[in-house]
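Peer 1: Next up, my_file_27.cif (mmCIF, C-alpha atoms).
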data_work
#
loop_
_atom_site.label_atom_id
_atom_site.label_comp_id
_atom_site.auth_asym_id
_atom_site.auth_seq_id
_atom_site.Cartn_x
_atom_site.Cartn_y
_atom_site.Cartn_z
CA MET T 1320 81.00 105.44 161.65
CA ILE T 1321 79.85 108.40 163.73
CA ALA T 1322 76.16 109.14 163.15
CA LYS T 1323 74.45 112.26 164.48
CA LEU T 1324 70.83 113.24 165.00
CA TYR T 1325 69.28 116.46 166.29
CA ILE T 1326 65.58 117.22 166.74
CA LYS T 1327 64.08 120.47 168.00
CA THR T 1328 60.38 121.16 168.45
CA GLY T 1329 58.47 124.42 168.46
CA MET T 1330 54.93 125.55 169.28
CA ARG T 1331 52.53 127.10 166.78
CA GLY T 1332 49.27 127.97 168.48
CA ASN T 1333 48.77 124.90 170.66
CA ILE T 1334 50.24 122.45 168.11
CA THR T 1335 53.79 121.09 168.30
CA PHE T 1336 55.78 121.25 165.07
CA LEU T 1337 59.24 120.19 163.94
CA GLU T 1338 61.26 123.38 164.13
CA GLN T 1339 64.63 121.90 163.26
CA ALA T 1340 66.01 118.51 162.29
CA TYR T 1341 69.52 117.45 161.39
CA ASN T 1342 70.78 113.97 160.70
CA THR T 1343 73.69 112.20 159.10
CA HIS T 1344 73.78 108.75 157.52
CA PRO T 1345 72.16 106.34 158.32
CA PHE T 1346 69.49 108.31 160.24
CA LYS T 1347 66.36 109.77 158.76
CA VAL T 1348 63.42 111.48 160.50
CA ALA T 1349 59.89 111.22 159.12
CA ASN T 1350 56.86 113.17 160.29
CA ILE T 1351 54.07 110.58 160.66
CA THR T 1352 51.48 112.88 162.25
CA GLU T 1353 48.23 112.00 160.49
CA ASP T 1354 45.86 114.51 162.08
CA LYS T 1355 47.08 118.03 161.41
CA LYS T 1356 45.03 119.22 164.40
CA ASP T 1357 46.84 116.79 166.71
CA VAL T 1358 48.65 118.79 169.39
CA THR T 1359 51.31 116.06 169.57
CA LEU T 1360 54.09 115.86 167.00
CA ARG T 1361 54.62 112.24 165.94
CA LEU T 1362 57.97 111.38 164.40
CA MET T 1363 59.56 108.14 163.26
CA LEU T 1364 63.29 107.56 163.54
CA MET T 1365 64.44 105.48 160.58
CA SER T 1366 67.80 104.03 159.58
CA SER T 1367 69.15 102.90 156.22
CA SER T 1368 71.61 100.60 158.00
CA PRO T 1369 70.62 96.96 158.69
CA GLY T 1370 71.79 97.44 162.26
CA VAL T 1371 74.58 98.66 164.52
CA LEU T 1372 78.03 97.67 163.27
CA ASP T 1373 81.38 97.35 165.00
CA GLY T 1374 82.84 100.79 165.72
CA ASP T 1375 79.57 102.69 165.25
CA THR T 1376 78.88 105.65 167.49
CA TYR T 1377 75.39 107.15 167.55
CA ARG T 1378 75.00 110.64 169.03
CA MET T 1379 71.46 111.91 169.35
CA LYS T 1380 70.00 115.02 170.96
CA ILE T 1381 66.37 116.13 171.27
CA ASP T 1382 65.20 119.55 172.49
CA ILE T 1383 61.50 119.78 173.34
CA ALA T 1384 60.30 123.36 173.79
CA LYS T 1385 57.95 124.60 176.49
CA SER T 1386 54.47 123.00 176.43
CA CYS T 1387 55.39 120.88 173.39
CA SER T 1388 54.43 117.22 173.04
CA LEU T 1389 56.57 114.74 171.09
CA ASP T 1390 55.94 111.05 170.40
CA LEU T 1391 59.07 109.48 168.88
CA LYS T 1392 58.78 106.02 167.33
CA THR T 1393 61.31 103.69 165.75
CA GLN T 1394 61.01 101.87 162.44
CA SER T 1395 62.18 98.39 163.42
CA TYR T 1396 64.16 96.26 165.85
CA GLN T 1397 67.68 97.47 166.58
CA ARG T 1398 70.09 94.70 165.60
CA LEU T 1399 73.60 94.62 167.05
CA PHE T 1400 75.93 92.71 164.74
CA ASN T 1401 79.07 90.70 165.50
CA MET T 1402 81.77 92.96 166.91
CA LYS T 1403 85.38 93.02 168.06
CA THR T 1404 85.74 96.47 169.64
CA GLY T 1405 82.10 97.41 170.24
CA ALA T 1406 79.63 100.22 169.46
CA SER T 1407 77.89 102.90 171.49
CA GLN T 1408 74.84 105.15 171.53
CA HIS T 1409 74.35 108.43 173.38
CA LEU T 1410 70.92 110.06 173.63
CA GLU T 1411 70.17 113.31 175.47
CA VAL T 1412 66.64 114.67 175.76
CA GLN T 1413 65.90 118.14 177.16
CA LEU T 1414 62.30 118.94 178.13
CA LYS T 1415 61.33 122.50 178.93
CA GLU T 1416 58.45 123.38 181.28
CA GLU T 1417 55.17 121.49 180.72
CA ALA T 1418 56.64 119.48 177.85
CA SER T 1419 55.73 115.86 177.13
CA PHE T 1420 57.83 113.08 175.59
CA CYS T 1421 56.95 109.48 174.72
CA TYR T 1422 59.68 107.10 173.56
CA LEU T 1423 59.01 103.35 173.29
CA PRO T 1424 61.63 102.04 170.83
CA HIS T 1425 61.53 98.58 169.27
CA PRO T 1426 63.43 95.82 171.11
CA CYS T 1427 67.20 95.56 170.92
CA VAL T 1428 68.54 92.26 169.47
CA PRO T 1429 72.22 91.60 170.24
CA HIS T 1430 73.84 89.08 167.86
CA ARG T 1431 76.68 86.72 168.74
CA SER T 1432 79.78 88.50 170.14
CA SER T 1433 78.21 91.97 170.01
CA VAL T 1434 79.38 94.66 172.44
CA PHE T 1435 77.09 97.64 172.92
CA SER T 1436 76.88 100.52 175.40
CA VAL T 1437 73.95 102.93 175.68
CA HIS T 1438 73.82 106.13 177.72
CA ASN T 1439 70.49 107.92 177.93
CA LYS T 1440 70.17 111.25 179.70
CA VAL T 1441 66.76 112.88 180.19
CA LEU T 1442 66.61 116.42 181.58
CA LEU T 1443 63.17 117.36 182.87
CA SER T 1444 61.87 120.78 183.86
CA ASP T 1445 58.81 121.52 186.00
CA HIS T 1446 55.42 119.98 185.11
CA CYS T 1447 56.76 117.63 182.42
CA ARG T 1448 55.39 114.24 181.42
CA LEU T 1449 57.65 111.35 180.40
CA ILE T 1450 56.88 107.91 179.00
CA TRP T 1451 60.11 105.96 178.51
CA GLY T 1452 60.53 102.30 177.61
CA GLU T 1453 63.18 99.74 176.76
CA VAL T 1454 63.09 96.06 175.70
CA LEU T 1455 66.18 93.83 175.73
CA THR T 1456 66.18 90.39 174.11
CA CYS T 1457 68.50 87.40 174.49
CA GLY T 1458 69.55 87.61 170.85
CA ARG T 1459 68.41 85.68 167.77
CA LYS T 1460 66.57 82.95 169.62
CA LEU T 1461 65.50 81.00 166.53
CA ASN T 1462 69.13 80.98 165.31
CA GLY T 1463 70.31 79.42 168.56
CA GLU T 1464 72.01 82.64 169.70
CA VAL T 1465 70.59 82.78 173.21
CA PHE T 1466 72.79 85.08 175.32
CA LEU T 1467 75.80 84.62 173.06
CA PHE T 1468 76.53 88.35 172.90
CA SER T 1469 79.59 89.59 174.77
CA LYS T 1470 78.26 92.65 176.55
CA PHE T 1471 75.21 94.87 176.71
CA HIS T 1472 75.26 97.92 178.98
CA SER T 1473 72.39 100.41 179.15
CA LYS T 1474 72.48 103.36 181.52
CA THR T 1475 69.52 105.76 181.79
CA GLU T 1476 69.64 108.87 183.97
CA ILE T 1477 66.59 111.06 184.53
CA PHE T 1478 67.00 114.50 186.09
CA LEU T 1479 64.48 117.07 187.33
CA ASN T 1480 65.90 120.59 187.38
CA ASP T 1481 69.43 119.11 187.34
CA LYS T 1482 68.71 116.79 190.30
CA LEU T 1483 69.11 113.08 189.63
CA LEU T 1484 65.81 111.25 190.14
CA ILE T 1485 66.20 107.83 188.54
CA LYS T 1486 69.23 105.88 187.40
CA GLU T 1487 68.71 102.62 185.52
CA ASN T 1488 71.89 100.59 185.07
CA ILE T 1489 71.45 97.35 183.10
CA LEU T 1490 74.62 95.34 182.53
CA VAL T 1491 74.47 91.90 180.90
CA ARG T 1492 77.69 89.92 180.35
CA PRO T 1493 76.59 86.31 179.85
CA SER T 1494 80.12 84.85 179.88
CA ILE T 1495 80.85 86.40 183.29
CA ILE T 1496 77.49 86.70 185.05
CA ASP T 1497 75.08 83.76 185.26
CA ILE T 1498 72.01 85.20 183.58
CA ASN T 1499 69.77 82.56 185.19
CA ALA T 1500 70.96 83.20 188.74
CA ILE T 1501 68.79 84.65 191.49
CA GLY T 1502 68.59 88.39 191.06
CA GLN T 1503 69.23 88.07 187.31
CA LEU T 1504 66.66 86.92 184.73
CA GLU T 1505 66.09 83.59 186.51
CA GLY T 1506 65.18 81.60 183.41
CA TYR T 1507 63.51 84.36 181.41
CA THR T 1508 65.03 85.53 178.13
CA HIS T 1509 63.56 89.02 177.63
CA GLN T 1510 63.24 92.11 179.79
CA ALA T 1511 61.15 95.27 179.42
CA THR T 1512 61.24 98.48 181.42
CA LEU T 1513 58.70 101.31 181.47
CA ILE T 1514 59.14 104.61 183.31
CA TYR T 1515 56.22 107.02 183.56
CA LEU T 1516 56.40 110.40 185.28
CA SER T 1517 53.52 112.89 185.46
CA GLU T 1518 52.25 115.25 188.14
CA LYS T 1519 48.66 114.58 187.05
CA ALA T 1520 48.72 110.78 187.29
CA ASP T 1521 47.01 108.83 190.06
CA THR T 1522 49.93 106.53 190.87
CA LEU T 1523 48.07 104.08 193.11
CA LEU T 1524 45.24 103.63 190.63
CA LEU T 1525 47.69 103.14 187.76
CA ILE T 1526 49.56 100.45 189.70
CA SER T 1527 46.28 98.69 190.43
CA ARG T 1528 45.02 98.83 186.83
CA ILE T 1529 48.32 97.77 185.24
CA THR T 1530 48.68 94.93 187.75
CA THR T 1531 45.21 93.67 186.86
CA PHE T 1532 45.99 93.95 183.14
CA LEU T 1533 49.26 91.99 183.33
CA SER T 1534 48.17 89.39 185.87
CA GLY T 1535 46.29 87.37 183.27
CA ASN T 1536 49.51 86.17 181.59
CA ASN T 1537 51.27 83.32 183.40
CA ASP T 1538 54.25 83.42 181.01
CA ILE T 1539 55.57 86.69 182.40
CA SER T 1540 56.72 88.07 185.73
CA PHE T 1541 56.50 91.74 186.55
CA GLY T 1542 57.01 94.27 189.27
CA ILE T 1543 55.65 97.79 189.51
CA THR T 1544 56.45 100.49 192.01
CA ALA T 1545 55.99 104.20 192.61
CA ALA T 1546 58.72 106.46 191.24
CA PRO T 1547 60.64 108.97 193.40
CA ILE T 1548 58.26 111.65 192.11
CA ASN T 1549 54.69 111.16 190.93
CA GLY T 1550 54.78 108.22 188.52
CA ILE T 1551 55.62 104.54 188.19
CA ILE T 1552 58.46 102.19 187.22
CA LEU T 1553 57.51 98.86 185.64
CA ARG T 1554 59.70 95.85 184.88
CA ILE T 1555 58.48 92.81 182.91
CA LEU T 1556 60.28 89.52 182.30
CA GLY T 1557 59.14 87.19 179.56
CA PHE T 1558 60.09 85.02 176.59
CA LYS T 1559 58.90 86.99 173.54
CA ALA T 1560 60.13 90.38 172.35
CA GLU T 1561 56.99 91.29 170.41
CA GLU T 1562 54.80 90.43 173.38
CA LEU T 1563 56.70 92.70 175.77
CA PHE T 1564 56.89 95.49 173.20
CA ASN T 1565 53.14 95.27 172.66
CA TYR T 1566 52.53 95.37 176.41
CA LEU T 1567 54.46 98.62 176.73
CA ASN T 1568 52.51 100.22 173.90
CA ILE T 1569 49.14 99.00 175.19
CA ILE T 1570 49.88 100.24 178.69
CA ALA T 1571 51.02 103.61 177.34
CA SER T 1572 48.03 104.12 175.07
CA THR T 1573 45.42 102.71 177.47
CA PHE T 1574 46.54 103.82 180.91
CA LEU T 1575 49.10 106.60 180.52
CA ILE T 1576 48.32 108.79 177.51
CA SER T 1577 44.55 108.96 177.97
CA LYS T 1578 43.52 112.32 179.41
CA GLN T 1579 40.69 110.58 181.17
CA THR T 1580 43.24 108.47 183.09
CA GLU T 1581 45.26 111.47 184.17
CA TYR T 1582 42.53 113.93 184.98
CA ALA T 1583 39.52 111.89 186.05
CA VAL T 1584 41.00 109.43 188.52
#
Would you write the structure of this file as structure tokens?

Peer 2:
Amino acid sequence: MIAKLYIKTGMRGNITFLEQAYNTHPFKVANITEDKKDVTLRLMLMSSSPGVLDGDTYRMKIDIAKSCSLDLKTQSYQRLFNMKTGASQHLEVQLKEEASFCYLPHPCVPHRSSVFSVHNKVLLSDHCRLIWGEVLTCGRKLNGEVFLFSKFHSKTEIFLNDKLLIKENILVRPSIIDINAIGQLEGYTHQATLIYLSEKADTLLLISRITTFLSGNNDISFGITAAPINGIILRILGFKAEELFNYLNIIASTFLISKQTEYAV
């Protein structure tokens, strides 16, 4: 099945609104903005399918107009079912000048023998803000399916004015690559990534505050570094999907989205 999604935002006064939306089965887009005076448009991406099936191809495109702010959420975990040939997902996001985009999807859960490839492409213009996250699990841990999937490949490319800034390339093939080896997950079962880019952020202070916040948990390992432009890249290794997903959302809402954090530090 080939599934398509298109979202386009517009600006009315200083409030972002959904100018155009198109989707085919199984996608559905819901506007979950509660405060009508909220300058940020908050959408939820829903699916009537129980998960990604063999042969599925998801093609998604998002256009965020100048000065618009979009927070895109997902409804639930993305399950990747047993496959023979594999499935794929392509997401392209275009941000015009001074636009803002936050995307922290639920964790991806690859089932036994699943094969999945993801290609994300984010095109930034000047003065944009990006909050981008990803959580990969080992599979259905309670069902004994720990790293029994065949292949998971996620590639994320972030451009600024058509110049490549960041390229994330995560390839996990448990039957070929020892997932517990040095340089791999080294005994951990879950991985989270957070990329934050903003001209107005105090990078050094953010690194310090996030490090202090995460250091209290001995069940995780993490690393945080400055991005090629103003911003940070965070990687967390752990054992629980919900825990890592919650960390990304707490960090985003507490340290990254707050205007006080961006403007006052």

Peer 1: Give me, as a PDB file with C-alpha atoms, keeping the file's coordinate frame, all polymer residues having an atom no more than 10 Å from His1438 (chain T), counting only C-alpha atoms and skipping those fewer than 4 positions away in the same chain.

Peer 2:
ATOM      1  CA  ARG T1378      75.000 110.640 169.030  1.00  0.00           C
ATOM      2  CA  SER T1407      77.890 102.900 171.490  1.00  0.00           C
ATOM      3  CA  GLN T1408      74.840 105.150 171.530  1.00  0.00           C
ATOM      4  CA  HIS T1409      74.350 108.430 173.380  1.00  0.00           C
ATOM      5  CA  LEU T1410      70.920 110.060 173.630  1.00  0.00           C
ATOM      6  CA  GLU T1411      70.170 113.310 175.470  1.00  0.00           C
ATOM      7  CA  HIS T1472      75.260  97.920 178.980  1.00  0.00           C
ATOM      8  CA  SER T1473      72.390 100.410 179.150  1.00  0.00           C
ATOM      9  CA  LYS T1474      72.480 103.360 181.520  1.00  0.00           C
ATOM     10  CA  THR T1475      69.520 105.760 181.790  1.00  0.00           C
ATOM     11  CA  GLU T1476      69.640 108.870 183.970  1.00  0.00           C
ATOM     12  CA  GLU T1487      68.710 102.620 185.520  1.00  0.00           C
ATOM     13  CA  ASN T1488      71.890 100.590 185.070  1.00  0.00           C
TER      14      ASN T1488
END

Peer 1: Carefully work through the PyMOL selection byres ((chain T and resi 1522) around 8) for this structure and note down the residues it includes, as an MDAnalysis selection string.

Peer 2: chainID T and resid 1520:1521 1523:1526 1545 1549:1551

Peer 1: Report as a list in words all protein, DNA and RNA residues lying within 6 Å of Ile1555 (chain T), evaluated on only C-alpha atoms, omitting residues in the same chain fewer than 2 positions from it.

Peer 2: Gln1510, Ala1511, Ser1540 and Phe1541 of chain T

Peer 1: Got a sec: who's within 6 Å of Cys1457 (chain T), counting only C-alpha atoms, leaving out chain neighbours fewer than 5 positions off, as a CSV table (one decimal) with C-alpha atoms, in the coordinates of the input?

Peer 2:
chain,number,residue,atom,x,y,z
T,1465,VAL,CA,70.6,82.8,173.2
T,1466,PHE,CA,72.8,85.1,175.3
T,1508,THR,CA,65.0,85.5,178.1

Peer 1: Expand the PyMOL selection byres ((chain T and resi 1416) around 12) into the individual residues it matches in the shown file, reporting them as a ChimeraX atom specification.

Peer 2: /T:1382-1388,1413-1415,1417-1420,1442-1448,1479-1480

Peer 1: Suppose a student applies the PyMOL selection byres ((chain T and resi 1493-1499) around 10) to this structure; what residues should they get, written as a list in words?

Peer 2: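 Matching residues under the PyMOL selection byres ((chain T and resi 1493-1499) around 10) are Cys1457, Val1465, Phe1466, Leu1467, Phe1468, Ser1469, Lys1470, Phe1471, Leu1490, Val1491, Arg1492, Ala1500, Ile1501, Gly1502, Gln1503, Leu1504, Glu1505, Gly1506, Tyr1507 and Thr1508 of chain T.
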
Peer 1: Report as a ChimeraX atom specification all protein, DNA and RNA residues lying within 9 Å of region 1421-1433 of chain T, evaluated on only C-alpha atoms, omitting residues in the same chain fewer than 3 positions from it.

Peer 2: /T:1372-1373,1388-1406,1448-1459,1464-1471,1511,1513,1560-1561,1563-1564,1567-1568,1571

Peer 1: Figure out the distance between CA of Asn1439 (chain T) and CA of Thr1328 (chain T), please, to one decimal in Å.

Peer 2: 19.2 Å

Peer 1: Provide the CA of Asn1537 (chain T) to CA of Thr1512 (chain T) distance in Å, to one decimal place.

Peer 2: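 Distance reported for this atom pair: 18.3 Å.
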
Peer 1: Expressed in Å to a single decimal, how great is the separation between CA of Tyr1341 (chain T) and CA of Met1365 (chain T)?

Peer 2: 13.0 Å

Peer 1: Using all atoms listed in the file, pick whichever of T:Asn1350, T:Thr1343, T:Asn1536, T:Ser1517 has the shortest atom-to-atom distance to Phe1558 (chain T).

Peer 2: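 Once distances to Phe1558 (chain T) are computed over all atoms listed in the file, the minimum belongs to T:Asn1536.
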
Peer 1: At most 10 Å from (65.9, 106.6, 154.1), file frame, all atoms listed in the file: which residues, as a PyMOL selection string?

Peer 2: chain T and resi 1344-1349+1364-1368

Peer 1: Here is a test: counting only C-alpha atoms, which residue of T:Asp1538, T:Ile1543, T:Gly1463, T:Val1437 is nearest to Thr1376 (chain T)?

Peer 2: T:Val1437

Peer 1: Hey, can I get the axis-aligned box for region 1511-1528 of chain T? All listed atoms, 3 Å padding on each side, centre and edge lengths in Å to one decimal, as lines of an AutoDock Vina configuration file.

Peer 2:
center_x = 53.1
center_y = 105.3
center_z = 186.3
size_x = 22.2
size_y = 26.0
size_z = 19.7

Peer 1: Kindly indicate which residue among T:Ile1569, T:Met1379, T:Ile1321, T:Ile1514 lies nearest to Phe1532 (chain T), using only C-alpha atoms for the distances.

Peer 2: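 Result for the nearest residue to Phe1532 (chain T): T:Ile1569.
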
Peer 1: My list of candidates is T:Val1434, T:Ile1539, T:Ala1546, T:Val1412. Which is closest to Lys1559 (chain T) when distances are computed with all atoms listed in the file?

Peer 2: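 Distance minimum relative to Lys1559 (chain T) lands on T:Ile1539.
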